[in-house]
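protein.txt follows (compact mmCIF, C-alpha atoms):
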```
# COMPACT_ATOMS: atom_id res chain seq x y z
CA MET A 1 -39.39 100.79 -30.13
CA ALA A 2 -36.60 98.22 -29.79
CA TRP A 3 -35.54 96.29 -32.84
CA ASN A 4 -36.39 92.98 -31.27
CA GLU A 5 -39.96 93.84 -30.23
CA PRO A 6 -42.52 91.52 -31.73
CA GLY A 7 -44.88 94.24 -32.92
CA GLY A 8 -44.52 96.63 -35.78
CA GLY A 9 -45.50 99.79 -33.92
CA ASN A 10 -48.62 98.59 -32.08
CA ASN A 11 -49.35 96.18 -29.28
CA GLY A 12 -51.10 93.69 -31.49
CA GLY A 13 -49.77 90.49 -33.02
CA GLY A 14 -47.11 90.63 -35.60
CA ASN A 15 -47.95 90.98 -39.22
CA GLY A 16 -46.04 91.26 -42.39
CA ARG A 17 -45.39 94.90 -41.85
CA GLY A 18 -44.00 94.20 -38.43
CA ASP A 19 -41.79 91.45 -39.70
CA LYS A 20 -40.54 93.66 -42.43
CA ASP A 21 -39.73 96.46 -39.98
CA ARG A 22 -38.04 93.99 -37.65
CA GLY A 23 -35.97 92.73 -40.54
CA GLU A 24 -34.97 96.21 -41.48
CA ARG A 25 -34.02 96.93 -37.88
CA ASP A 26 -31.95 93.70 -37.59
CA PRO A 27 -28.34 94.75 -36.88
CA TRP A 28 -26.97 91.61 -38.72
CA GLY A 29 -28.21 92.76 -42.09
CA GLY A 30 -31.36 92.28 -44.21
CA GLY A 31 -34.59 90.93 -42.88
CA ASN A 32 -34.90 88.07 -45.35
CA GLY A 33 -32.50 85.84 -43.39
CA ARG A 34 -29.99 85.42 -46.22
CA ASN A 35 -27.33 87.54 -44.51
CA ASN A 36 -27.89 86.17 -40.97
CA PRO A 37 -25.04 84.15 -39.37
CA PRO A 38 -25.58 80.36 -39.61
CA ASP A 39 -26.59 78.47 -36.54
CA LEU A 40 -23.96 75.95 -35.28
CA ASP A 41 -26.57 73.38 -34.39
CA ASP A 42 -28.02 73.61 -37.87
CA LEU A 43 -24.62 73.17 -39.44
CA LEU A 44 -23.81 70.13 -37.33
CA LYS A 45 -27.22 68.68 -38.04
CA ASN A 46 -26.84 69.17 -41.79
CA PHE A 47 -23.38 67.70 -41.74
CA SER A 48 -24.63 64.73 -39.72
CA ASP A 49 -27.45 64.15 -42.15
CA LYS A 50 -25.08 64.19 -45.09
CA LEU A 51 -22.77 61.70 -43.43
CA GLY A 52 -25.74 59.55 -42.57
CA LYS A 53 -26.77 59.49 -46.20
CA VAL A 54 -23.24 58.60 -47.25
CA PHE A 55 -22.95 55.74 -44.76
CA GLY A 56 -26.54 54.51 -45.27
CA GLY A 57 -28.14 56.00 -42.19
CA GLY A 58 -31.03 57.51 -44.16
CA LYS A 59 -32.55 60.95 -43.83
CA GLY A 60 -33.09 62.11 -40.29
CA GLY A 61 -36.70 62.95 -39.34
CA THR A 62 -38.12 65.58 -37.13
CA GLY A 63 -39.75 63.13 -34.74
CA GLY A 64 -38.08 61.03 -32.11
CA GLY A 65 -34.98 60.45 -34.22
CA GLY A 66 -34.25 64.16 -34.36
CA GLY A 67 -33.23 64.14 -30.70
CA LYS A 68 -30.02 62.18 -31.53
CA GLY A 69 -28.72 64.73 -34.04
CA PRO A 70 -26.63 67.02 -31.79
CA GLY A 71 -24.88 64.17 -29.91
CA ALA A 72 -23.92 62.37 -33.11
CA SER A 73 -22.62 65.62 -34.55
CA LEU A 74 -20.38 66.18 -31.53
CA ILE A 75 -18.98 62.68 -31.82
CA LEU A 76 -18.27 63.21 -35.48
CA VAL A 77 -16.53 66.53 -34.83
CA ALA A 78 -14.44 64.90 -32.11
CA ALA A 79 -13.48 62.15 -34.54
CA VAL A 80 -12.47 64.71 -37.18
CA VAL A 81 -10.41 66.66 -34.64
CA ALA A 82 -8.77 63.43 -33.48
CA VAL A 83 -7.91 62.56 -37.07
CA LEU A 84 -6.40 66.00 -37.59
CA VAL A 85 -4.37 65.77 -34.38
CA TRP A 86 -3.20 62.29 -35.34
CA ALA A 87 -2.10 63.57 -38.75
CA MET A 88 -0.29 66.54 -37.19
CA LEU A 89 1.59 64.25 -34.82
CA GLY A 90 3.09 62.43 -37.79
CA ILE A 91 4.98 65.50 -39.03
CA TYR A 92 8.67 65.69 -38.03
CA GLN A 93 11.90 67.29 -39.24
CA VAL A 94 15.35 65.74 -39.69
CA ASP A 95 18.42 67.98 -39.32
CA ALA A 96 21.30 68.10 -41.77
CA LYS A 97 23.56 66.09 -39.43
CA GLU A 98 20.90 63.46 -38.78
CA LYS A 99 19.25 60.49 -40.45
CA ALA A 100 15.99 58.87 -39.42
CA LEU A 101 15.20 55.14 -39.33
CA VAL A 102 11.52 54.28 -39.97
CA LEU A 103 9.96 51.08 -38.61
CA ARG A 104 6.47 50.21 -39.80
CA PHE A 105 4.67 47.82 -37.49
CA GLY A 106 8.07 46.98 -35.97
CA LYS A 107 9.68 46.09 -39.31
CA PHE A 108 12.32 48.10 -41.12
CA HIS A 109 10.71 50.37 -43.69
CA SER A 110 13.13 53.09 -44.84
CA ILE A 111 15.86 55.58 -43.98
CA VAL A 112 15.15 59.27 -44.58
CA GLY A 113 17.52 62.18 -44.80
CA ASP A 114 17.30 65.78 -43.74
CA GLY A 115 14.13 67.77 -44.34
CA LEU A 116 10.44 67.76 -43.35
CA HIS A 117 8.73 64.35 -43.38
CA TRP A 118 5.46 62.70 -42.37
CA ASN A 119 4.82 59.21 -41.12
CA PRO A 120 1.59 57.85 -39.63
CA PRO A 121 1.85 57.87 -35.82
CA MET A 122 1.39 54.60 -33.91
CA VAL A 123 2.01 52.85 -37.20
CA ASP A 124 5.57 53.98 -37.89
CA ILE A 125 8.30 54.41 -35.30
CA VAL A 126 10.87 57.05 -36.29
CA THR A 127 14.32 57.11 -34.62
CA LYS A 128 16.67 59.99 -35.42
CA VAL A 129 20.45 59.60 -35.02
CA ARG A 130 23.24 62.17 -35.55
CA VAL A 131 25.34 60.19 -38.00
CA THR A 132 27.97 62.84 -38.90
CA GLU A 133 28.79 63.80 -35.31
CA GLU A 134 32.24 62.61 -34.24
CA ARG A 135 32.04 60.79 -30.91
CA GLN A 136 34.78 59.80 -28.48
CA TYR A 137 35.45 56.84 -26.28
CA LYS A 138 38.31 56.84 -23.75
CA THR A 139 39.89 53.80 -22.17
CA GLU A 140 42.97 53.07 -20.08
CA GLY A 141 44.49 49.93 -18.68
CA GLU A 142 47.60 47.87 -17.99
CA MET A 143 48.62 45.26 -20.53
CA LEU A 144 51.53 43.00 -21.38
CA THR A 145 53.91 43.73 -24.25
CA LYS A 146 55.71 41.29 -26.52
CA ASP A 147 58.83 41.24 -24.31
CA GLU A 148 56.71 40.55 -21.19
CA ASN A 149 56.74 44.09 -19.76
CA ILE A 150 53.69 45.79 -18.26
CA VAL A 151 52.68 49.18 -19.67
CA GLU A 152 49.89 51.64 -18.86
CA LEU A 153 48.26 52.82 -22.07
CA PRO A 154 45.51 55.51 -22.15
CA MET A 155 43.73 55.78 -25.49
CA THR A 156 40.95 57.78 -27.18
CA VAL A 157 38.81 56.39 -30.03
CA HIS A 158 37.11 58.87 -32.39
CA TYR A 159 34.18 57.39 -34.34
CA ASN A 160 30.90 58.19 -36.06
CA ILE A 161 27.89 56.27 -37.39
CA LYS A 162 28.48 54.62 -40.76
CA SER A 163 25.17 52.74 -41.11
CA ILE A 164 22.17 53.79 -39.04
CA LYS A 165 20.35 50.56 -39.88
CA ASP A 166 23.18 48.37 -38.55
CA PHE A 167 23.73 50.68 -35.58
CA LEU A 168 20.11 50.47 -34.41
CA LEU A 169 18.94 47.03 -35.56
CA LEU A 170 21.81 44.53 -35.90
CA VAL A 171 23.55 45.07 -32.55
CA LYS A 172 21.71 45.39 -29.26
CA ASP A 173 24.16 47.89 -27.70
CA PRO A 174 26.82 49.07 -30.21
CA GLU A 175 28.55 51.28 -27.62
CA ILE A 176 29.33 48.24 -25.44
CA SER A 177 30.44 46.30 -28.51
CA LEU A 178 32.79 49.18 -29.35
CA ARG A 179 34.35 49.04 -25.88
CA HIS A 180 34.89 45.30 -26.00
CA ALA A 181 36.32 45.45 -29.52
CA THR A 182 38.65 48.32 -28.54
CA GLU A 183 40.10 46.42 -25.59
CA SER A 184 40.55 43.31 -27.70
CA ALA A 185 42.27 45.15 -30.58
CA LEU A 186 44.50 47.14 -28.22
CA ARG A 187 45.67 44.08 -26.28
CA HIS A 188 46.32 42.15 -29.48
CA VAL A 189 48.48 44.93 -31.01
CA VAL A 190 50.35 45.73 -27.78
CA GLY A 191 50.98 42.05 -27.16
CA SER A 192 52.67 41.85 -30.58
CA THR A 193 54.88 44.95 -30.00
CA GLY A 194 57.99 45.47 -27.88
CA PHE A 195 58.03 47.70 -24.82
CA ASP A 196 60.42 50.27 -26.31
CA GLU A 197 58.30 50.71 -29.42
CA VAL A 198 55.12 51.14 -27.36
CA VAL A 199 56.50 53.87 -25.07
CA SER A 200 58.68 55.75 -27.57
CA THR A 201 59.23 55.27 -31.27
CA GLY A 202 56.30 53.09 -32.36
CA ARG A 203 53.42 54.84 -30.61
CA GLN A 204 52.06 56.46 -33.78
CA GLN A 205 52.19 53.21 -35.72
CA LEU A 206 50.55 51.50 -32.75
CA GLY A 207 47.53 53.81 -33.08
CA VAL A 208 47.25 53.04 -36.81
CA ASP A 209 47.37 49.28 -36.21
CA VAL A 210 44.78 49.45 -33.42
CA SER A 211 42.45 51.53 -35.63
CA ALA A 212 42.65 49.04 -38.51
CA ARG A 213 42.06 46.01 -36.30
CA LEU A 214 39.21 47.71 -34.41
CA GLN A 215 37.47 48.59 -37.69
CA THR A 216 37.76 44.95 -38.78
CA TYR A 217 36.14 43.76 -35.56
CA LEU A 218 33.27 46.27 -35.82
CA ASP A 219 32.61 45.32 -39.45
CA ASN A 220 32.44 41.67 -38.45
CA TYR A 221 29.97 42.54 -35.69
CA GLY A 222 27.85 44.66 -38.07
CA ALA A 223 27.88 47.52 -35.57
CA GLY A 224 27.56 50.25 -38.23
CA ILE A 225 30.40 52.28 -36.65
CA HIS A 226 33.23 53.94 -38.56
CA VAL A 227 36.50 54.47 -36.66
CA VAL A 228 37.93 57.88 -37.60
CA LYS A 229 41.21 57.64 -35.68
CA VAL A 230 42.80 56.22 -32.55
CA ASN A 231 45.04 58.43 -30.39
CA ILE A 232 47.55 56.85 -28.02
CA LEU A 233 47.89 59.61 -25.44
CA GLU A 234 50.91 58.54 -23.37
CA ALA A 235 52.40 55.13 -22.76
CA LYS A 236 54.21 54.77 -19.46
CA PRO A 237 55.36 51.98 -17.15
CA PRO A 238 53.55 51.28 -13.90
CA SER A 239 54.49 53.46 -10.93
CA ALA A 240 56.06 50.50 -9.12
CA VAL A 241 58.82 50.13 -11.74
CA LYS A 242 59.10 53.78 -12.82
CA ALA A 243 62.52 54.27 -11.14
CA ALA A 244 63.99 51.25 -12.91
CA TYR A 245 62.49 52.40 -16.18
CA ASP A 246 64.04 55.86 -15.72
CA ASP A 247 67.44 54.19 -15.32
CA VAL A 248 66.85 52.27 -18.51
CA ILE A 249 65.92 55.48 -20.32
CA LYS A 250 69.07 57.19 -19.05
CA ALA A 251 71.23 54.26 -20.16
CA ARG A 252 69.59 54.34 -23.57
CA GLU A 253 70.26 58.08 -23.87
CA ASP A 254 73.93 57.51 -22.93
CA GLN A 255 74.10 54.79 -25.55
CA GLU A 256 72.67 57.11 -28.18
CA ARG A 257 75.10 59.85 -27.16
CA LEU A 258 78.11 57.55 -27.39
CA ILE A 259 76.93 56.23 -30.74
CA ASN A 260 76.60 59.77 -32.04
CA GLU A 261 80.07 60.70 -30.78
CA ALA A 262 81.57 57.61 -32.40
CA GLN A 263 79.76 58.37 -35.61
CA ALA A 264 81.05 61.94 -35.56
CA TYR A 265 84.61 60.69 -34.98
CA ALA A 266 84.23 58.19 -37.80
CA ASN A 267 82.90 60.92 -40.06
CA GLY A 268 86.07 62.90 -39.39
CA ILE A 269 88.58 60.04 -39.62
CA VAL A 270 87.26 58.02 -42.52
CA PRO A 271 87.34 60.84 -45.09
CA GLU A 272 90.85 61.79 -43.98
CA ALA A 273 92.04 58.19 -44.32
CA ARG A 274 90.43 57.96 -47.71
CA GLY A 275 92.16 61.17 -48.72
CA ARG A 276 95.55 59.83 -47.63
CA ALA A 277 94.93 56.58 -49.46
CA LYS A 278 93.98 58.53 -52.56
CA ARG A 279 97.13 60.64 -52.25
CA VAL A 280 99.32 57.53 -51.94
CA GLU A 281 97.66 56.06 -55.00
CA GLU A 282 98.24 59.26 -56.94
CA GLU A 283 101.88 59.37 -55.82
CA ALA A 284 102.34 55.76 -56.86
CA GLU A 285 100.84 56.49 -60.24
CA ALA A 286 103.11 59.53 -60.59
CA TYR A 287 106.17 57.51 -59.56
CA LYS A 288 105.23 54.81 -61.98
CA ALA A 289 104.86 57.33 -64.78
CA LYS A 290 108.20 58.92 -63.83
CA VAL A 291 110.10 55.63 -63.76
CA VAL A 292 108.64 54.52 -67.03
CA ALA A 293 109.44 57.87 -68.65
CA GLU A 294 113.00 57.82 -67.28
CA ALA A 295 113.51 54.26 -68.45
CA GLU A 296 112.24 55.11 -71.88
CA GLY A 297 114.46 58.21 -71.94
CA GLU A 298 117.54 56.25 -70.83
CA ALA A 299 116.89 53.61 -73.43
CA LYS A 300 116.54 56.27 -76.10
CA ARG A 301 119.71 58.05 -74.89
CA PHE A 302 121.63 54.76 -74.86
CA THR A 303 120.57 54.17 -78.44
CA GLN A 304 121.83 57.61 -79.40
CA VAL A 305 125.14 57.12 -77.51
CA LEU A 306 125.58 53.78 -79.20
CA ALA A 307 125.29 55.44 -82.58
CA GLU A 308 127.90 58.05 -81.59
CA TYR A 309 130.19 55.37 -80.10
CA LYS A 310 130.19 53.53 -83.37
CA LYS A 311 131.34 56.73 -85.09
CA ALA A 312 134.09 57.70 -82.55
CA PRO A 313 134.75 54.99 -79.92
CA GLY A 314 137.68 56.72 -78.16
CA VAL A 315 136.12 60.09 -77.68
CA THR A 316 132.83 58.60 -76.66
CA ARG A 317 134.48 56.24 -74.14
CA GLU A 318 136.36 59.14 -72.50
CA ARG A 319 133.24 61.24 -72.36
CA LEU A 320 131.30 58.44 -70.72
CA TYR A 321 134.06 58.00 -68.17
CA LEU A 322 134.12 61.68 -67.26
CA ASP A 323 130.34 61.79 -66.92
CA ALA A 324 130.35 58.74 -64.65
CA ILE A 325 133.12 60.17 -62.44
CA GLN A 326 131.32 63.51 -62.21
CA ASP A 327 128.08 61.81 -61.29
CA VAL A 328 129.78 59.82 -58.55
CA LEU A 329 131.81 62.68 -57.09
CA GLU A 330 128.83 65.03 -56.98
CA ARG A 331 127.18 62.78 -54.37
CA THR A 332 130.22 62.48 -52.03
CA SER A 333 131.60 64.82 -49.38
CA LYS A 334 135.21 63.58 -49.73
CA ILE A 335 137.73 65.24 -52.02
CA MET A 336 140.80 63.48 -53.44
CA VAL A 337 143.55 65.84 -54.70
CA ASP A 338 146.03 64.36 -57.17
CA VAL A 339 149.30 66.33 -57.13
CA GLU A 340 150.89 66.48 -60.52
CA GLY A 341 154.26 64.76 -60.63
CA GLY A 342 153.72 62.95 -57.31
CA ASN A 343 152.72 59.46 -56.30
CA ASN A 344 150.62 60.44 -53.28
CA MET A 345 147.05 61.61 -53.35
CA LEU A 346 145.77 64.20 -50.88
CA TYR A 347 142.56 63.53 -48.97
CA LEU A 348 140.51 66.41 -47.55
CA PRO A 349 137.77 65.39 -45.04
CA LEU A 350 135.36 68.19 -45.86
CA ASP A 351 132.46 66.35 -44.24
CA LYS A 352 134.25 66.44 -40.87
CA MET A 353 135.07 70.07 -41.36
CA VAL A 354 131.47 70.95 -42.17
CA GLN A 355 130.27 68.97 -39.16
CA GLN A 356 132.72 70.82 -36.89
CA SER A 357 131.54 74.15 -38.27
CA SER A 358 127.90 73.22 -37.64
CA VAL A 359 128.73 72.19 -34.05
CA ALA A 360 130.52 75.47 -33.52
CA GLY A 361 127.50 77.33 -34.90
CA ALA A 362 125.23 75.42 -32.52
CA GLN A 363 127.44 76.52 -29.63
CA GLY A 364 127.03 80.14 -30.57
CA ARG A 365 130.08 80.50 -32.88
CA SER A 366 129.83 80.83 -36.62
CA LEU A 367 132.51 80.87 -39.33
CA SER A 368 132.95 84.21 -40.92
CA SER A 369 134.24 84.81 -44.43
CA ARG A 370 137.65 85.64 -43.00
CA ASP A 371 137.84 82.32 -41.21
CA ILE A 372 136.90 80.53 -44.42
CA ASP A 373 139.67 82.38 -46.32
CA THR A 374 142.19 81.51 -43.64
CA LEU A 375 141.15 77.86 -43.72
CA THR A 376 141.43 77.79 -47.51
CA GLN A 377 144.92 79.37 -47.38
CA LYS A 378 146.08 76.77 -44.89
CA VAL A 379 144.78 74.02 -47.10
CA ILE A 380 146.67 75.39 -50.11
CA GLU A 381 149.89 75.79 -48.09
CA ASN A 382 149.55 72.24 -46.84
CA ILE A 383 149.09 71.02 -50.38
CA ASN A 384 152.21 72.92 -51.57
CA ILE A 385 154.33 71.62 -48.67
CA ARG A 386 153.34 68.05 -49.34
CA SER A 387 154.00 68.56 -53.05
CA GLN A 388 157.51 69.85 -52.36
CA GLN A 389 158.21 66.98 -50.01
CA SER A 390 157.17 64.44 -52.56
CA SER A 391 159.32 66.14 -55.25
CA SER A 392 162.43 66.10 -53.05
CA GLN A 393 161.88 62.49 -52.20
CA ARG A 394 161.74 61.62 -55.87
CA ARG A 395 165.02 63.51 -56.56
CA GLU A 396 166.82 61.76 -53.71
CA SER A 397 165.70 58.46 -54.95
CA ARG A 398 167.27 59.19 -58.28
```
Translate the structure of the given file into structure tokens.
Amino acid sequence: MAWNEPGGGNNGGGNGRGDKDRGERDPWGGGNGRNNPPDLDDLLKNFSDKLGKVFGGGKGGTGGGGGKGPGASLILVAAVVAVLVWAMLGIYQVDAKEKALVLRFGKFHSIVGDGLHWNPPMVDIVTKVRVTEERQYKTEGEMLTKDENIVELPMTVHYNIKSIKDFLLLVKDPEISLRHATESALRHVVGSTGFDEVVSTGRQQLGVDVSARLQTYLDNYGAGIHVVKVNILEAKPPSAVKAAYDDVIKAREDQERLINEAQAYANGIVPEARGRAKRVEEEAEAYKAKVVAEAEGEAKRFTQVLAEYKKAPGVTRERLYLDAIQDVLERTSKIMVDVEGGNNMLYLPLDKMVQQSSVAGAQGRSLSSRDIDTLTQKVIENINIRSQQSSSQRRESR
């Protein structure tokens, strides 16, 4: 017999024995109903009744009101599921590089950092922004410099978000505000700088000045943007005047080259001139010291000679005379020979003789020792002849 047959082993109506056997044959467990699975309709009905009691609906009957139980239960379950879905939709996560701005009923509520958060949907509006990400904005245009020259200047602005509240709420479109502020700051700085500084030496400082002025503008706007740096890529003149500008660059390079050459020449000449001047000064100081020392020595020697002169005037006078004559004759090339016993004095032009010997040496002839001996012998013979002639003349006169 099948387990779900109504009888207990006979064809008659069910009795207690049959019910007991049916319960024992129930594949869900015992026959007392305690281990049977609950009926979904019963659960919903019980839950609906409990909610009705809580909200004042009273206890549901089994009459006509009992027909509304399943429909109300389905509505309640749908409401619970909707509430759960609504709660799940409010869960969100903020990354480490992001921050989230929370608006509650359209009004600023809070700013949350990274992590898992929950806000009621349709009540709060959450906007996430990558605040630490470095963004770029490129611009290029022609502008006028301080000396009324036109220059093409490409530029890149690196920035990030400093204040998410200002970035999202205070300015309608902060990216457009950044572009306008960049053009304004760039034209102001370039208009205050010369052409040569913009295209060559002052380009780095130009980027620093533009960055500072741009940050000031953005702070005044309340854009919530932080300027990291400004790169001036390459400043160049317009293509229409590039040839003339190249000539100017070449002339400037020639000027620098000539200046460097002149500086190198000055670096070589000036120290040499200073050295010569220093040498002249040292020589003057040495000459001064020499003259002073000689003067002091002469004065001291004169004092000593004076003391000796007072002791022996005659001897000292003769010695002074001989020293003076020797000093004079040492610096002359002429020789005067006084022959003893004669009135004439012999003059020997040795300077002319030396000059003649030097000329002969320049012509390829040189005086040997024999020639010098011969010349000396002739000089002595000439002296003797003149001495004899003067002696005979003196005897005849007597």
Q. Out of A:Val230, A:Val131, A:Leu306, A:Val112, which residue has the shortest atom-to-atom distance to A:Asn160 when counting all atoms listed in the file?
A. A:Val131
Q: Determine the nearest neighbour of A:Leu218 from the options A:Lys242, A:Arg179, A:Lys311, A:Lys250, counting all atoms listed in the file.
A: A:Arg179
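In this comparison, which uses all atoms listed in the file, the residue of A:Leu233, A:Leu258, A:Ile225, A:Ala185 approaching A:Gln204 most closely is A:Leu233.
Pairwise distance (atom CA of A:Ser163, atom CA of A:His180) equals 19.4 Å.
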Q: Skip A:Glu148 itself and residues of its chain fewer than 6 positions away, then list as JSON, numbers by chain all residues within 9 Å of it, counting all atoms listed in the file.
A: {"A": [191, 194, 195]}
**Q.** Neighbour list for stretch 174-177 of chain A as an NGL selection string, cut-off 12 Å, only C-alpha atoms, skip fewer than 2 positions in-chain
**A.** :A and (135-138 or 157 or 159-161 or 163-172 or 179-184 or 214-215 or 217-226)
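You can rank A:Val280, A:Leu153, A:Gln389, A:Gly90 by their closest distance to A:Asp124 using all atoms listed in the file, and at the top of that list sits A:Gly90.
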Here's a test: counting all atoms listed in the file, identify every protein, DNA and RNA residue with an atom at most 9 Å from (18.3, 62.9, -40.8) in the file's coordinate frame, and state them as a PDB file with C-alpha atoms, in the frame of the given file.
```pdb
ATOM      1  CA  GLN A  93      11.900  67.290 -39.240  1.00  0.00           C
ATOM      2  CA  VAL A  94      15.350  65.740 -39.690  1.00  0.00           C
ATOM      3  CA  ASP A  95      18.420  67.980 -39.320  1.00  0.00           C
ATOM      4  CA  ALA A  96      21.300  68.100 -41.770  1.00  0.00           C
ATOM      5  CA  LYS A  97      23.560  66.090 -39.430  1.00  0.00           C
ATOM      6  CA  GLU A  98      20.900  63.460 -38.780  1.00  0.00           C
ATOM      7  CA  LYS A  99      19.250  60.490 -40.450  1.00  0.00           C
ATOM      8  CA  ALA A 100      15.990  58.870 -39.420  1.00  0.00           C
ATOM      9  CA  LEU A 101      15.200  55.140 -39.330  1.00  0.00           C
ATOM     10  CA  ILE A 111      15.860  55.580 -43.980  1.00  0.00           C
ATOM     11  CA  VAL A 112      15.150  59.270 -44.580  1.00  0.00           C
ATOM     12  CA  GLY A 113      17.520  62.180 -44.800  1.00  0.00           C
ATOM     13  CA  ASP A 114      17.300  65.780 -43.740  1.00  0.00           C
ATOM     14  CA  GLY A 115      14.130  67.770 -44.340  1.00  0.00           C
ATOM     15  CA  LYS A 128      16.670  59.990 -35.420  1.00  0.00           C
ATOM     16  CA  VAL A 129      20.450  59.600 -35.020  1.00  0.00           C
ATOM     17  CA  ARG A 130      23.240  62.170 -35.550  1.00  0.00           C
ATOM     18  CA  VAL A 131      25.340  60.190 -38.000  1.00  0.00           C
TER      19      VAL A 131
END
```
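Note that atom CA of A:Asn260 and atom CA of A:Val241 are 28.7 Å apart.
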Q) Skipping near chain neighbours, those fewer than 3 positions away, what residues fall within 7 Å of A:Ser192 using all atoms listed in the file, listed as an MDAnalysis selection string? A) chainID A and resid 145:146 188:189
Q | Residues near A:Glu152, cut-off 8 Å, only C-alpha atoms, skip fewer than 6 positions along chain, as a PyMOL selection string | A | chain A and resi 140-143+235-238
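Distance annotation: of A:Asp42, A:Glu281, A:Ala244, A:Leu89, the residue with the minimal separation from A:Ser73 is A:Asp42; atom set is all atoms listed in the file.
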With 5 Å on each side, where is the centre of the axis-aligned box around all listed atoms of stretch 108-117 of chain A, and how long are its edges in Å to one decimal, as lines of an AutoDock Vina configuration file?
```
center_x = 13.1
center_y = 57.9
center_z = -43.0
size_x = 18.8
size_y = 29.7
size_z = 13.7
```
Q: For atom CA of A:Thr127 and atom CA of A:Val102, determine how far apart the two atoms are, in Å to one decimal place.
A: 6.7 Å
